[in-house]
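Working notes for the structure below.
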Amino acid sequence: MNIIYTPLTRLQAALDHREPDRIPLDIGSTKVTGINIVAYRNLLQYKGWNALDRQPRISDEVQQLAKVSEPVLQALGVDVRGIIPVAANKDDYAGDNNYIEFTDEWQTVWRMPRQGGLYFDVKTSPLTDVNGLDELANFTWPNPQDPGRLAGIEAELAARGPASQHGLMMHGLCAGLLEMAGRLRGYEQFFMDLVLDPDYACGLLDKIMELKMAFWDVALDKAGDQLQIAVEADDLGTQASLLISPDMYRKYFKPRHQKLFSYIKSKASHLKLFFHSCGSVYKLIPDLIETGIDILNPVQISAQDMDLAKLKREFGDDVVFWGAGVDTQKNLPHGTVQSIRDEVKRSIEILAPGGGFVFSAVHNIQADVPPENLLAMLEAFQEYGIY
């Protein structure tokens, strides 16, 4: 009997480690599978699709990611839709002649060059001089249950409707525990805190975790039945190693990840947990599986020890690989049409068997990706992604 798949049932099959009619496709559903606004505008222009999105908008301010319009998502055949909760408040853009600046709801100041800037970097971290647990407790934290944030989620859900035939996923409150602690404290200082002042480090990690849980508490009450996937992240790897030792991860981060992920699933037991971590994270994948993740992204194939065949063989029964379609560091922006097609074909041949694979580029499509190369990726996916 031939099964007629919708985008939703196609995604569900892949998440259940079954082979649907084709591999599900994601572009633009998350902050880590998106497309830079420059590359997006270039694609619209190249394809003659300007009428499909006459006023492209930003979905993630820091990374300058485009909010891909519904008509463009449909034209590309994307199977997933994402909800990215909007920050409750931030200062208006400011800066000087050289930089554009804004302050986010965590009181972190970001800046981007006015000429040629592609994304924002941290200028100042608000907890650099906030020392001791008492000072930390008195810091003004954002409200994870801010009515404005929740109203935005409700609006997104209303636009999708309860009978949507696409998979739906939603981001958590903010970046991961390690990443947020580094942003707020300053990375150098926070890494020293982990060694020299672990009580402070743990207090900061616990506060971020509590705020995340408070967000999911209300967000899942509103959206849980319509979602298939909850998105969390924590960048733990570099190109060649880990940012922290496995022992330090297991001591300080793994228990908090377990607590957070267990809480999310206690609120909506049907949800799959999407976890993003860049870099060489092979040594931590067994630990991440133990924390409760179901999906690993972006599968950075250019990093050390991230060989696709090894990952599929060792972990393919336990996690869904989401990403790995083509390297976004070198091949997608600088490769040839043929080198991109070859890499897409190889990734699919390794990861597709038995399901458990959602196709996306390795992390966000950057501003320097020519539309010809992006289309080479998509055309190869369409050719080789059929079961």
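By convention in this document, the chains of the structure tokens carry letters A, B, ... by their order, each chain's residues are numbered from 1, and ligands are numbered from 1 in the order they are shown.
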
Could the residues of range 47-105 of chain A that have an atom at most 9 Å from range 366-383 of chain A be listed as CSV, each with its closest atom pair and the distance in Å to one decimal, counting only C-alpha atoms and ordered by chain and ascending residue number?
```
residue,atom,partner,partner_atom,distance
A:Lys47,CA,A:Pro371,CA,8.5
A:Leu65,CA,A:Gln366,CA,8.9
A:Leu76,CA,A:Leu378,CA,8.1
```

Could you save those same residues with C-alpha atoms as an mmCIF file, in the first residue's frame?
```cif
data_model
loop_
_atom_site.group_PDB
_atom_site.id
_atom_site.type_symbol
_atom_site.label_atom_id
_atom_site.label_comp_id
_atom_site.auth_asym_id
_atom_site.auth_seq_id
_atom_site.Cartn_x
_atom_site.Cartn_y
_atom_site.Cartn_z
ATOM 1 C CA LYS A 47 15.013 33.123 -8.627
ATOM 2 C CA LEU A 65 18.864 35.672 9.893
ATOM 3 C CA LEU A 76 11.491 25.325 -1.509
#
```

Please provide the set of residues having any atom within 12 Å of range 194-196 of chain A, restricted to only C-alpha atoms, with same-chain residues fewer than 4 positions apart removed, written as a list in words.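 The neighbour list is Leu178, Ala181, Gly182, Arg185, Tyr187, Glu188, Gln189, Phe190, Tyr200, Ala201, Cys202, Gly203, Leu204, Leu205, Ile244, Ser245, Met248, Tyr249, Lys251, Tyr252 and Phe253 of chain A.
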
Written selection (N, CA and C atoms) as a short mmCIF file (atom, residue, chain, number, x, y, z; two decimals), in the first residue's frame:
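Below you can see result.cif, which holds the result:
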```cif
data_model
loop_
_atom_site.label_atom_id
_atom_site.label_comp_id
_atom_site.auth_asym_id
_atom_site.auth_seq_id
_atom_site.Cartn_x
_atom_site.Cartn_y
_atom_site.Cartn_z
N LEU A 178 26.11 27.16 28.83
CA LEU A 178 27.49 27.61 28.71
C LEU A 178 27.57 28.88 27.88
N ALA A 181 26.13 31.87 29.89
CA ALA A 181 27.03 32.24 30.99
C ALA A 181 28.25 32.98 30.45
N GLY A 182 28.77 32.53 29.32
CA GLY A 182 29.90 33.21 28.71
C GLY A 182 29.55 34.60 28.22
N ARG A 185 28.87 36.84 31.59
CA ARG A 185 30.02 37.03 32.48
C ARG A 185 31.27 37.45 31.71
N TYR A 187 33.50 35.32 28.45
CA TYR A 187 33.95 33.92 28.38
C TYR A 187 35.20 33.68 29.22
N GLU A 188 36.17 34.55 29.13
CA GLU A 188 37.40 34.33 29.89
C GLU A 188 37.12 34.26 31.38
N GLN A 189 36.30 35.18 31.87
CA GLN A 189 36.00 35.21 33.30
C GLN A 189 35.19 33.98 33.70
N PHE A 190 34.21 33.58 32.87
CA PHE A 190 33.38 32.44 33.26
C PHE A 190 34.19 31.15 33.27
N TYR A 200 29.97 30.37 42.38
CA TYR A 200 29.41 31.45 41.56
C TYR A 200 28.99 30.89 40.20
N ALA A 201 29.86 30.10 39.58
CA ALA A 201 29.54 29.53 38.27
C ALA A 201 28.26 28.72 38.33
N CYS A 202 28.12 27.91 39.36
CA CYS A 202 26.91 27.09 39.49
C CYS A 202 25.69 27.95 39.75
N GLY A 203 25.85 29.01 40.54
CA GLY A 203 24.73 29.91 40.77
C GLY A 203 24.24 30.56 39.50
N LEU A 204 25.18 30.95 38.63
CA LEU A 204 24.81 31.55 37.35
C LEU A 204 24.14 30.52 36.45
N LEU A 205 24.70 29.32 36.36
CA LEU A 205 24.10 28.27 35.53
C LEU A 205 22.70 27.92 36.03
N ILE A 244 35.23 22.62 27.03
CA ILE A 244 35.51 22.20 28.40
C ILE A 244 35.76 20.70 28.36
N SER A 245 36.40 20.18 29.39
CA SER A 245 36.71 18.76 29.42
C SER A 245 35.43 17.94 29.61
N MET A 248 34.42 18.07 33.21
CA MET A 248 33.78 19.32 33.62
C MET A 248 32.36 19.39 33.09
N TYR A 249 32.14 18.89 31.86
CA TYR A 249 30.76 18.83 31.35
C TYR A 249 29.90 17.97 32.27
N LYS A 251 30.27 17.22 35.35
CA LYS A 251 30.11 17.75 36.70
C LYS A 251 29.15 18.93 36.74
N TYR A 252 29.28 19.86 35.78
CA TYR A 252 28.56 21.13 35.89
C TYR A 252 27.38 21.27 34.93
N PHE A 253 27.44 20.64 33.79
CA PHE A 253 26.44 20.91 32.76
C PHE A 253 25.48 19.74 32.54
#
```

So which residues touch Asn97 in chain A within 10 Å, counting only C-alpha atoms, skipping near sequence neighbours fewer than 2 positions away, as an mmCIF file with N, CA and C atoms, in the first residue's frame?
```cif
data_model
loop_
_atom_site.group_PDB
_atom_site.id
_atom_site.type_symbol
_atom_site.label_atom_id
_atom_site.label_comp_id
_atom_site.auth_asym_id
_atom_site.auth_seq_id
_atom_site.Cartn_x
_atom_site.Cartn_y
_atom_site.Cartn_z
ATOM 1 N N ALA A 94 21.394 52.153 18.536
ATOM 2 C CA ALA A 94 22.175 53.344 18.840
ATOM 3 C C ALA A 94 23.554 53.161 18.205
ATOM 4 N N GLY A 95 24.599 53.660 18.861
ATOM 5 C CA GLY A 95 25.941 53.479 18.357
ATOM 6 C C GLY A 95 26.578 54.787 17.945
ATOM 7 N N TYR A 99 29.641 51.960 14.312
ATOM 8 C CA TYR A 99 28.922 50.768 14.740
ATOM 9 C C TYR A 99 27.447 51.064 15.022
ATOM 10 N N ILE A 100 26.619 50.047 14.756
ATOM 11 C CA ILE A 100 25.234 50.018 15.219
ATOM 12 C C ILE A 100 25.231 49.203 16.512
ATOM 13 N N PRO A 113 29.366 46.487 12.706
ATOM 14 C CA PRO A 113 29.866 47.582 11.875
ATOM 15 C C PRO A 113 28.787 48.129 10.946
ATOM 16 N N ARG A 114 28.728 49.439 10.835
ATOM 17 C CA ARG A 114 27.740 50.053 9.939
ATOM 18 C C ARG A 114 28.053 49.725 8.481
ATOM 19 N N GLN A 115 29.317 49.665 8.137
ATOM 20 C CA GLN A 115 29.711 49.368 6.774
ATOM 21 C C GLN A 115 30.164 47.912 6.677
#
```

Give me, as a ChimeraX atom specification, all polymer residues having an atom no more than 12 Å from Gln63 in chain A, counting only C-alpha atoms and skipping those fewer than 2 positions away in the same chain. /A:30-38,58-61,65-67,110-112,117-122,363-367

With N, CA and C atoms kept, could you save the residues just selected as a PDB file, in the first residue's frame?
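And here is the file that came out, again-v8.pdb:
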```
ATOM      1  N   THR A  30      14.862  27.361  12.481  1.00  0.00           N
ATOM      2  CA  THR A  30      15.520  27.601  13.763  1.00  0.00           C
ATOM      3  C   THR A  30      16.600  28.668  13.600  1.00  0.00           C
ATOM      4  N   LYS A  31      17.189  29.051  14.717  1.00  0.00           N
ATOM      5  CA  LYS A  31      18.294  30.001  14.700  1.00  0.00           C
ATOM      6  C   LYS A  31      19.600  29.358  14.247  1.00  0.00           C
ATOM      7  N   VAL A  32      19.583  28.047  14.030  1.00  0.00           N
ATOM      8  CA  VAL A  32      20.808  27.329  13.661  1.00  0.00           C
ATOM      9  C   VAL A  32      20.647  26.554  12.357  1.00  0.00           C
ATOM     10  N   THR A  33      19.494  26.710  11.711  1.00  0.00           N
ATOM     11  CA  THR A  33      19.279  26.123  10.380  1.00  0.00           C
ATOM     12  C   THR A  33      18.711  27.192   9.455  1.00  0.00           C
ATOM     13  N   GLY A  34      19.112  28.431   9.689  1.00  0.00           N
ATOM     14  CA  GLY A  34      18.534  29.563   8.977  1.00  0.00           C
ATOM     15  C   GLY A  34      19.366  30.013   7.791  1.00  0.00           C
ATOM     16  N   ILE A  35      19.024  31.193   7.311  1.00  0.00           N
ATOM     17  CA  ILE A  35      19.718  31.785   6.170  1.00  0.00           C
ATOM     18  C   ILE A  35      19.901  33.272   6.431  1.00  0.00           C
ATOM     19  N   ASN A  36      21.112  33.753   6.259  1.00  0.00           N
ATOM     20  CA  ASN A  36      21.413  35.161   6.461  1.00  0.00           C
ATOM     21  C   ASN A  36      20.570  36.022   5.524  1.00  0.00           C
ATOM     22  N   ILE A  37      20.192  37.186   5.998  1.00  0.00           N
ATOM     23  CA  ILE A  37      19.301  38.053   5.228  1.00  0.00           C
ATOM     24  C   ILE A  37      19.913  38.440   3.878  1.00  0.00           C
ATOM     25  N   VAL A  38      21.234  38.570   3.804  1.00  0.00           N
ATOM     26  CA  VAL A  38      21.886  38.908   2.536  1.00  0.00           C
ATOM     27  C   VAL A  38      21.743  37.754   1.548  1.00  0.00           C
ATOM     28  N   ILE A  58      13.762  40.172   9.617  1.00  0.00           N
ATOM     29  CA  ILE A  58      14.784  39.492  10.417  1.00  0.00           C
ATOM     30  C   ILE A  58      14.103  38.621  11.468  1.00  0.00           C
ATOM     31  N   SER A  59      14.565  37.378  11.604  1.00  0.00           N
ATOM     32  CA  SER A  59      14.040  36.504  12.659  1.00  0.00           C
ATOM     33  C   SER A  59      14.977  36.443  13.855  1.00  0.00           C
ATOM     34  N   ASP A  60      16.259  36.644  13.627  1.00  0.00           N
ATOM     35  CA  ASP A  60      17.241  36.637  14.709  1.00  0.00           C
ATOM     36  C   ASP A  60      18.167  37.818  14.500  1.00  0.00           C
ATOM     37  N   GLU A  61      18.101  38.763  15.429  1.00  0.00           N
ATOM     38  CA  GLU A  61      18.786  40.030  15.252  1.00  0.00           C
ATOM     39  C   GLU A  61      20.301  39.884  15.250  1.00  0.00           C
ATOM     40  N   LEU A  65      19.519  36.724  10.659  1.00  0.00           N
ATOM     41  CA  LEU A  65      18.864  35.672   9.893  1.00  0.00           C
ATOM     42  C   LEU A  65      17.529  36.164   9.353  1.00  0.00           C
ATOM     43  N   ALA A  66      17.194  35.722   8.172  1.00  0.00           N
ATOM     44  CA  ALA A  66      15.923  36.092   7.561  1.00  0.00           C
ATOM     45  C   ALA A  66      14.786  35.279   8.152  1.00  0.00           C
ATOM     46  N   LYS A  67      13.628  35.906   8.254  1.00  0.00           N
ATOM     47  CA  LYS A  67      12.398  35.172   8.537  1.00  0.00           C
ATOM     48  C   LYS A  67      11.843  34.749   7.180  1.00  0.00           C
ATOM     49  N   TRP A 110      25.346  44.715  22.229  1.00  0.00           N
ATOM     50  CA  TRP A 110      25.816  44.128  20.980  1.00  0.00           C
ATOM     51  C   TRP A 110      26.140  45.237  19.994  1.00  0.00           C
ATOM     52  N   ARG A 111      27.094  44.964  19.111  1.00  0.00           N
ATOM     53  CA  ARG A 111      27.396  45.947  18.078  1.00  0.00           C
ATOM     54  C   ARG A 111      27.751  45.265  16.757  1.00  0.00           C
ATOM     55  N   MET A 112      27.477  45.992  15.663  1.00  0.00           N
ATOM     56  CA  MET A 112      27.776  45.518  14.311  1.00  0.00           C
ATOM     57  C   MET A 112      28.320  46.686  13.498  1.00  0.00           C
ATOM     58  N   GLY A 117      28.849  45.215   7.900  1.00  0.00           N
ATOM     59  CA  GLY A 117      28.549  44.322   9.008  1.00  0.00           C
ATOM     60  C   GLY A 117      27.538  43.256   8.617  1.00  0.00           C
ATOM     61  N   LEU A 118      27.785  42.045   9.076  1.00  0.00           N
ATOM     62  CA  LEU A 118      26.908  40.918   8.728  1.00  0.00           C
ATOM     63  C   LEU A 118      26.181  40.355   9.937  1.00  0.00           C
ATOM     64  N   TYR A 119      26.680  40.608  11.139  1.00  0.00           N
ATOM     65  CA  TYR A 119      26.026  40.157  12.358  1.00  0.00           C
ATOM     66  C   TYR A 119      26.593  40.936  13.532  1.00  0.00           C
ATOM     67  N   PHE A 120      25.931  40.816  14.673  1.00  0.00           N
ATOM     68  CA  PHE A 120      26.338  41.541  15.871  1.00  0.00           C
ATOM     69  C   PHE A 120      27.268  40.685  16.732  1.00  0.00           C
ATOM     70  N   ASP A 121      28.224  41.343  17.365  1.00  0.00           N
ATOM     71  CA  ASP A 121      29.103  40.720  18.351  1.00  0.00           C
ATOM     72  C   ASP A 121      28.868  41.368  19.710  1.00  0.00           C
ATOM     73  N   VAL A 122      29.215  40.630  20.775  1.00  0.00           N
ATOM     74  CA  VAL A 122      29.097  41.190  22.122  1.00  0.00           C
ATOM     75  C   VAL A 122      30.118  42.310  22.306  1.00  0.00           C
ATOM     76  N   HIS A 363      24.697  24.170   9.859  1.00  0.00           N
ATOM     77  CA  HIS A 363      24.481  25.500  10.444  1.00  0.00           C
ATOM     78  C   HIS A 363      23.915  26.462   9.402  1.00  0.00           C
ATOM     79  N   ASN A 364      23.818  27.747   9.789  1.00  0.00           N
ATOM     80  CA  ASN A 364      23.128  28.734   8.974  1.00  0.00           C
ATOM     81  C   ASN A 364      23.842  28.992   7.643  1.00  0.00           C
ATOM     82  N   ILE A 365      23.052  29.261   6.619  1.00  0.00           N
ATOM     83  CA  ILE A 365      23.579  29.629   5.310  1.00  0.00           C
ATOM     84  C   ILE A 365      24.031  31.085   5.396  1.00  0.00           C
ATOM     85  N   GLN A 366      25.318  31.308   5.181  1.00  0.00           N
ATOM     86  CA  GLN A 366      25.904  32.617   5.430  1.00  0.00           C
ATOM     87  C   GLN A 366      25.765  33.561   4.235  1.00  0.00           C
ATOM     88  N   ALA A 367      26.106  34.816   4.484  1.00  0.00           N
ATOM     89  CA  ALA A 367      25.895  35.869   3.485  1.00  0.00           C
ATOM     90  C   ALA A 367      26.715  35.653   2.225  1.00  0.00           C
TER      91      ALA A 367
END
```

Could you produce a table of the residues of range 126-244 of chain A lying within 12 Å of range 282-287 of chain A, with the nearest pair of atoms per residue and their separation in Å rounded to one decimal, using only C-alpha atoms, ordered by chain and increasing residue number, as JSON lines?
```
{"residue": "A:Asp235", "atom": "CA", "partner": "A:Leu284", "partner_atom": "CA", "distance": 11.7}
{"residue": "A:Leu236", "atom": "CA", "partner": "A:Leu284", "partner_atom": "CA", "distance": 8.9}
{"residue": "A:Gly237", "atom": "CA", "partner": "A:Tyr282", "partner_atom": "CA", "distance": 9.1}
{"residue": "A:Thr238", "atom": "CA", "partner": "A:Tyr282", "partner_atom": "CA", "distance": 11.3}
{"residue": "A:Gln239", "atom": "CA", "partner": "A:Tyr282", "partner_atom": "CA", "distance": 11.6}
{"residue": "A:Ala240", "atom": "CA", "partner": "A:Tyr282", "partner_atom": "CA", "distance": 10.6}
{"residue": "A:Ser241", "atom": "CA", "partner": "A:Lys283", "partner_atom": "CA", "distance": 9.1}
{"residue": "A:Leu242", "atom": "CA", "partner": "A:Lys283", "partner_atom": "CA", "distance": 8.5}
{"residue": "A:Leu243", "atom": "CA", "partner": "A:Leu284", "partner_atom": "CA", "distance": 11.4}
{"residue": "A:Ile244", "atom": "CA", "partner": "A:Leu284", "partner_atom": "CA", "distance": 10.6}
```

Excluding range 259-262 of chain A and any residue of its chain fewer than 3 positions from it, enumerate the residues within 12 Å of it, using only C-alpha atoms, and give them as a PyMOL selection string. chain A and resi 172+176-177+205-217+229-233+252-256+265-269+271-275+288-294

Using the selection just defined, write its residues with N, CA and C atoms as a compact mmCIF listing (two decimals), in the first residue's frame.
```txt
# COMPACT_ATOMS: atom_id res chain seq x y z
N GLY A 172 13.72 27.63 22.75
CA GLY A 172 13.62 28.02 24.14
C GLY A 172 13.87 29.51 24.32
N GLY A 176 22.26 28.46 25.06
CA GLY A 176 22.48 27.43 26.07
C GLY A 176 23.14 27.92 27.34
N LEU A 177 23.28 27.01 28.30
CA LEU A 177 23.81 27.35 29.61
C LEU A 177 25.23 27.89 29.51
N LEU A 205 24.70 29.32 36.36
CA LEU A 205 24.10 28.27 35.53
C LEU A 205 22.70 27.92 36.03
N ASP A 206 22.54 27.84 37.34
CA ASP A 206 21.22 27.50 37.89
C ASP A 206 20.20 28.58 37.57
N LYS A 207 20.61 29.84 37.64
CA LYS A 207 19.67 30.92 37.34
C LYS A 207 19.23 30.86 35.89
N ILE A 208 20.16 30.65 34.97
CA ILE A 208 19.79 30.55 33.55
C ILE A 208 18.86 29.36 33.34
N MET A 209 19.17 28.24 33.97
CA MET A 209 18.33 27.06 33.84
C MET A 209 16.92 27.33 34.38
N GLU A 210 16.82 27.99 35.51
CA GLU A 210 15.51 28.28 36.11
C GLU A 210 14.68 29.18 35.19
N LEU A 211 15.33 30.17 34.57
CA LEU A 211 14.62 31.06 33.66
C LEU A 211 14.14 30.28 32.43
N LYS A 212 14.97 29.40 31.94
CA LYS A 212 14.56 28.56 30.81
C LYS A 212 13.34 27.71 31.18
N MET A 213 13.37 27.10 32.33
CA MET A 213 12.25 26.25 32.76
C MET A 213 10.98 27.07 32.95
N ALA A 214 11.12 28.27 33.48
CA ALA A 214 9.94 29.13 33.65
C ALA A 214 9.33 29.49 32.30
N PHE A 215 10.19 29.72 31.29
CA PHE A 215 9.67 29.98 29.95
C PHE A 215 8.91 28.77 29.42
N TRP A 216 9.53 27.59 29.45
CA TRP A 216 8.88 26.40 28.92
C TRP A 216 7.58 26.08 29.68
N ASP A 217 7.54 26.44 30.95
CA ASP A 217 6.35 26.16 31.76
C ASP A 217 5.11 26.78 31.12
N ILE A 229 8.54 19.42 18.31
CA ILE A 229 9.94 19.51 18.69
C ILE A 229 10.18 20.73 19.56
N ALA A 230 10.95 20.56 20.63
CA ALA A 230 11.45 21.66 21.45
C ALA A 230 12.93 21.83 21.15
N VAL A 231 13.37 23.07 20.98
CA VAL A 231 14.74 23.36 20.56
C VAL A 231 15.54 23.95 21.72
N GLU A 232 16.63 23.29 22.05
CA GLU A 232 17.61 23.82 23.01
C GLU A 232 19.00 23.69 22.39
N ALA A 233 19.97 24.35 22.98
CA ALA A 233 21.30 24.37 22.41
C ALA A 233 22.33 24.65 23.49
N TYR A 252 29.28 19.86 35.78
CA TYR A 252 28.56 21.13 35.89
C TYR A 252 27.38 21.27 34.93
N PHE A 253 27.44 20.64 33.79
CA PHE A 253 26.44 20.91 32.76
C PHE A 253 25.48 19.74 32.54
N LYS A 254 25.98 18.54 32.55
CA LYS A 254 25.11 17.39 32.28
C LYS A 254 23.93 17.30 33.25
N PRO A 255 24.13 17.44 34.57
CA PRO A 255 22.98 17.36 35.47
C PRO A 255 21.93 18.44 35.19
N ARG A 256 22.38 19.61 34.80
CA ARG A 256 21.44 20.70 34.51
C ARG A 256 20.73 20.48 33.18
N LYS A 265 10.01 17.56 28.82
CA LYS A 265 9.26 16.36 28.44
C LYS A 265 8.17 16.02 29.46
N SER A 266 8.35 16.46 30.70
CA SER A 266 7.28 16.24 31.67
C SER A 266 6.06 17.10 31.35
N LYS A 267 6.31 18.25 30.71
CA LYS A 267 5.22 19.14 30.32
C LYS A 267 4.53 18.66 29.05
N ALA A 268 5.26 18.01 28.16
CA ALA A 268 4.71 17.55 26.88
C ALA A 268 5.50 16.31 26.48
N SER A 269 5.04 15.17 26.91
CA SER A 269 5.82 13.94 26.78
C SER A 269 6.01 13.50 25.32
N LEU A 271 6.99 15.41 22.90
CA LEU A 271 7.96 16.24 22.22
C LEU A 271 9.29 15.53 22.04
N LYS A 272 9.93 15.79 20.90
CA LYS A 272 11.31 15.41 20.68
C LYS A 272 12.19 16.60 21.05
N LEU A 273 13.35 16.31 21.63
CA LEU A 273 14.26 17.36 22.06
C LEU A 273 15.38 17.51 21.02
N PHE A 274 15.37 18.66 20.36
CA PHE A 274 16.39 19.05 19.38
C PHE A 274 17.50 19.75 20.13
N PHE A 275 18.73 19.25 19.98
CA PHE A 275 19.86 19.86 20.69
C PHE A 275 20.93 20.25 19.68
N LEU A 288 25.16 13.26 26.02
CA LEU A 288 24.01 14.02 25.55
C LEU A 288 22.80 13.12 25.38
N ILE A 289 23.02 11.92 24.89
CA ILE A 289 21.91 10.97 24.75
C ILE A 289 21.33 10.65 26.13
N GLU A 290 22.21 10.51 27.11
CA GLU A 290 21.73 10.23 28.47
C GLU A 290 20.94 11.39 29.05
N THR A 291 21.22 12.61 28.62
CA THR A 291 20.45 13.75 29.13
C THR A 291 19.03 13.78 28.57
N GLY A 292 18.78 13.05 27.48
CA GLY A 292 17.43 13.00 26.92
C GLY A 292 17.26 13.61 25.56
N ILE A 293 18.36 13.97 24.88
CA ILE A 293 18.18 14.55 23.55
C ILE A 293 17.71 13.48 22.58
N ASP A 294 16.93 13.89 21.59
CA ASP A 294 16.47 13.00 20.53
C ASP A 294 17.08 13.34 19.18
```

Can you pull out every residue from range 174-387 of chain A that DSSP, working from the backbone, puts in helix (DSSP H, G or I), and format the result as a PyMOL selection string? chain A and resi 177-185+187-196+198-226+246-267+282-291+308-315+331-334+337-351+371-384

Which of range 182-346 of chain A fall in strand (DSSP E or B), as an MDAnalysis selection string: chainID A and resid 229:233 237 242 272:276 295:297 320:322

Could you give me, as number ranges by chain, the residues within 8 Å of range 305-318 of chain A, counting only C-alpha atoms and dropping anything in the same chain fewer than 4 positions from it? A: 17, 280-282, 289, 294, 299-301, 347, 350-351, 356

Show which residues sit within 7 Å of Glu19 in chain A, as a list in words. Count only C-alpha atoms, and ignore same-chain residues fewer than 2 positions away. Ala13, Ala14, His17, Asp21, Gly354, Gly355 and Tyr387 of chain A

Tell me which of A:Pro147, A:Gly48, A:Pro24, A:Gly82 sits closest to Gly325 in chain A, counting only C-alpha atoms. A:Pro24

Would you please work out which residue, of A:Leu133, A:Asp342, A:Ile295, A:Leu184, is nearest to Pro198 in chain A when using only C-alpha atoms?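 Closest candidate: A:Leu133.
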
Find the nearest atom pair between each residue of range 179-287 of chain A and range 3-8 of chain A for residues within 12 Å, count only C-alpha atoms, give distances in Å to one decimal, sort rows by chain and ascending number, and present the table as JSON lines.
```
{"residue": "A:Gln226", "atom": "CA", "partner": "A:Leu8", "partner_atom": "CA", "distance": 11.2}
{"residue": "A:Leu227", "atom": "CA", "partner": "A:Leu8", "partner_atom": "CA", "distance": 10.7}
{"residue": "A:Gln228", "atom": "CA", "partner": "A:Leu8", "partner_atom": "CA", "distance": 9.1}
{"residue": "A:Ile229", "atom": "CA", "partner": "A:Leu8", "partner_atom": "CA", "distance": 11.6}
```

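Atom pair CA of Gln165 in chain A / CA of Asp79 in chain A has a distance of 8.7 Å (rounded to one decimal).
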